[in-house]
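Worksheet for the structure shown next.
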Amino acid sequence: MFRSIPPAHVVFVAGATGYTGRFVVEALRKLRIETHAHVRPDSKEIARWQDEFGAMGARVDLTPWDQDTMNDRIRTIDPTIVFALLGTTKKRAKLVAAAGSNRNDETYEKIDYALTLMLLDAVRASGLQPRFVYLSSVGVPAKPSSNAYLDVRRRVEEQLTTGSVPYTIARPSFIHGPDRDDARPAETLFAKVTDAAVSFAGALGAAEVRERYRSTDGRLLATNLVMVALDPAAENTTIDGSVLRRFDPPG
């Protein structure tokens with residue numbers, strides 16, 4: 001599938017401070033690609049990300065999540081690739097509530113869906129044709145689901161596959177590792193159980209099942225997301241976990 005990498009790119013990364021996002025920024029900069037790493041303007045860790053991303057040579061972008069403002073920003077940057085790596089968790093919603101803010105502002109609907117669609121609409125409004133690389137999930141259903149997390153991703157995927165913006169949809173399995181900022185013991189345990197099950201399936205000859213469903217860590221996933229994003233043959237395709245581990249992270 002993978003072909004030669006075109007020489008010049010400008011990349012906008014939404015969700016750059018997430019577990020996968022920060023490694024996407026790192027992988028892009030190791031390839032010396034101009035990278036605009038978006039950080040929420042209300043983040044309490046702006047200084048941290050300015051230091052970390054700045055050390056990589058990335059440009060920290062603090063564009064507010066407002067449709068007209070985001071439209072203007074995408075038009076100004078004129079990206080060739082836009083990464084949509086946005087996502088929240090139930091744990092984060094609890095932390096937001098504990099801090100005195102409205103937990104309803106930190107839901108799958110408000111973050112994973114609405115902000116991703118705002119970014120997609122900004123690309124549409126720009127009149128440009130960058131590749132929109134969307135981090136989805138294994139298990140996305142074909143029809144509406146009661147699982148809010150997966151149903152949001154189904155709806156975003158539908159917007160992409162029926163629209164005119166070039167896209168690549170990535171569907172990894174569990175993403176976890178010891179280098180996460182937030183510990184997720186339950187998710188890590190479930191990933192280990194799943195890995196054991198699919199390894200057994202692989203031993204019985206179902207190698208494709210094993211590779212599609214076993215877990216991955218942020219750096220490995222990011223490396224492969226970047227390589228897929230740079231590959232012309234991956235345009236307007238949906239990529240599963242078996243493809244998202246073909247390239248080892250650079251040393």
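Chain labels A, B, ... are given in the sequence in which chains occur in the structure tokens; within each chain residues are numbered consecutively from 1, and ligands are likewise numbered from 1 in the order shown.
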
Using only C-alpha atoms, determine which residues lie at most 10 Å from A:Met70, disregarding the query and same-chain residues fewer than 5 positions distant; provide the list as a PyMOL selection string. chain A and resi 63-65+75-76+118-123+125-126

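Using only C-alpha atoms, the contacts of A:Ala142 at a cut-off of 10 Å, with sequence neighbours closer than 3 positions omitted, comprise Gly139, Ser145, Asp151, Arg154, Arg155, Glu157 and Glu158 of chain A.
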
All residues 9 Å or closer to A:Phe53, only C-alpha atoms, same chain fewer than 6 positions away omitted, as a PyMOL selection string: chain A and resi 22+25-26+37+59-60

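In this structure, atom CA of A:Tyr149 sits 9.5 Å away from atom CA of A:Thr88.
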
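Around A:Phe132, within 8 Å and counting only C-alpha atoms, the residues found are A:Ile81, A:Val82, A:Phe83, A:Ala84, A:Leu120, A:Val165, A:Pro166, A:Tyr167, A:Thr168, once anything fewer than 6 positions away on its own chain is removed.
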
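Residue nearest A:Leu244 within the list A:Val156, A:Thr161, A:Leu135, A:Phe12: A:Leu135 [criterion: smallest interatomic distance, only C-alpha atoms].
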
Under the rule that only C-alpha atoms are counted, which of A:Pro249, A:Gly127, A:Gly21, A:Gly241 is the nearest residue to A:Ile169? A:Gly241

Nearest to A:Pro232, restricted to only C-alpha atoms and choosing among A:Tyr113, A:Asp72, A:Ala55, A:Pro130, comes out as A:Pro130

Residue neighbourhood A:Arg246, 12 Å, only C-alpha atoms, exclusion window fewer than 2 positions, as a short mmCIF file (atom, residue, chain, number, x, y, z; two decimals) with N, CA and C atoms, in the first residue's frame:
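Once everything was written out, this is selection_26.cif:
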```cif
data_model
loop_
_atom_site.label_atom_id
_atom_site.label_comp_id
_atom_site.auth_asym_id
_atom_site.auth_seq_id
_atom_site.Cartn_x
_atom_site.Cartn_y
_atom_site.Cartn_z
N MET A 1 0.82 -1.20 0.00
CA MET A 1 0.00 0.00 0.00
C MET A 1 0.85 1.26 0.00
N PHE A 2 1.95 1.28 0.76
CA PHE A 2 2.65 2.52 1.01
C PHE A 2 3.59 2.88 -0.13
N GLU A 211 -4.20 -9.43 14.46
CA GLU A 211 -3.58 -8.16 14.12
C GLU A 211 -4.59 -7.01 14.13
N ARG A 212 -5.82 -7.30 13.83
CA ARG A 212 -6.84 -6.25 13.80
C ARG A 212 -7.24 -5.80 15.20
N THR A 216 -2.40 -1.41 20.99
CA THR A 216 -1.20 -0.72 20.53
C THR A 216 -0.90 0.43 21.49
N LEU A 220 3.61 3.90 18.66
CA LEU A 220 3.48 3.01 17.50
C LEU A 220 2.30 3.42 16.64
N LEU A 221 1.17 3.71 17.25
CA LEU A 221 0.00 4.13 16.50
C LEU A 221 0.27 5.44 15.76
N ALA A 222 0.88 6.41 16.44
CA ALA A 222 1.16 7.71 15.83
C ALA A 222 2.07 7.57 14.62
N THR A 223 3.11 6.77 14.75
CA THR A 223 4.03 6.55 13.63
C THR A 223 3.30 6.04 12.40
N ASN A 224 2.41 5.09 12.61
CA ASN A 224 1.68 4.50 11.50
C ASN A 224 0.58 5.42 10.98
N LEU A 225 -0.02 6.21 11.85
CA LEU A 225 -0.99 7.21 11.39
C LEU A 225 -0.33 8.20 10.45
N VAL A 226 0.86 8.65 10.82
CA VAL A 226 1.57 9.61 9.98
C VAL A 226 1.94 8.98 8.63
N MET A 227 2.42 7.76 8.64
CA MET A 227 2.79 7.11 7.39
C MET A 227 1.58 6.88 6.49
N VAL A 228 0.46 6.53 7.09
CA VAL A 228 -0.77 6.36 6.31
C VAL A 228 -1.23 7.70 5.76
N ILE A 239 -8.70 2.22 7.57
CA ILE A 239 -7.55 1.40 7.92
C ILE A 239 -7.77 0.75 9.28
N ASP A 240 -7.52 -0.55 9.38
CA ASP A 240 -7.70 -1.22 10.67
C ASP A 240 -6.36 -1.44 11.37
N GLY A 241 -6.42 -2.07 12.52
CA GLY A 241 -5.25 -2.23 13.36
C GLY A 241 -4.12 -3.01 12.72
N SER A 242 -4.42 -3.89 11.79
CA SER A 242 -3.36 -4.68 11.16
C SER A 242 -2.43 -3.81 10.33
N VAL A 243 -2.97 -2.73 9.76
CA VAL A 243 -2.15 -1.80 8.97
C VAL A 243 -1.43 -0.81 9.89
N LEU A 244 -2.04 -0.51 11.03
CA LEU A 244 -1.53 0.54 11.90
C LEU A 244 -0.40 0.08 12.80
N ASP A 248 7.72 0.63 12.44
CA ASP A 248 8.23 0.81 13.80
C ASP A 248 8.53 2.29 14.04
N PRO A 249 8.32 2.77 15.27
CA PRO A 249 8.65 4.15 15.58
C PRO A 249 10.13 4.41 15.35
#
```
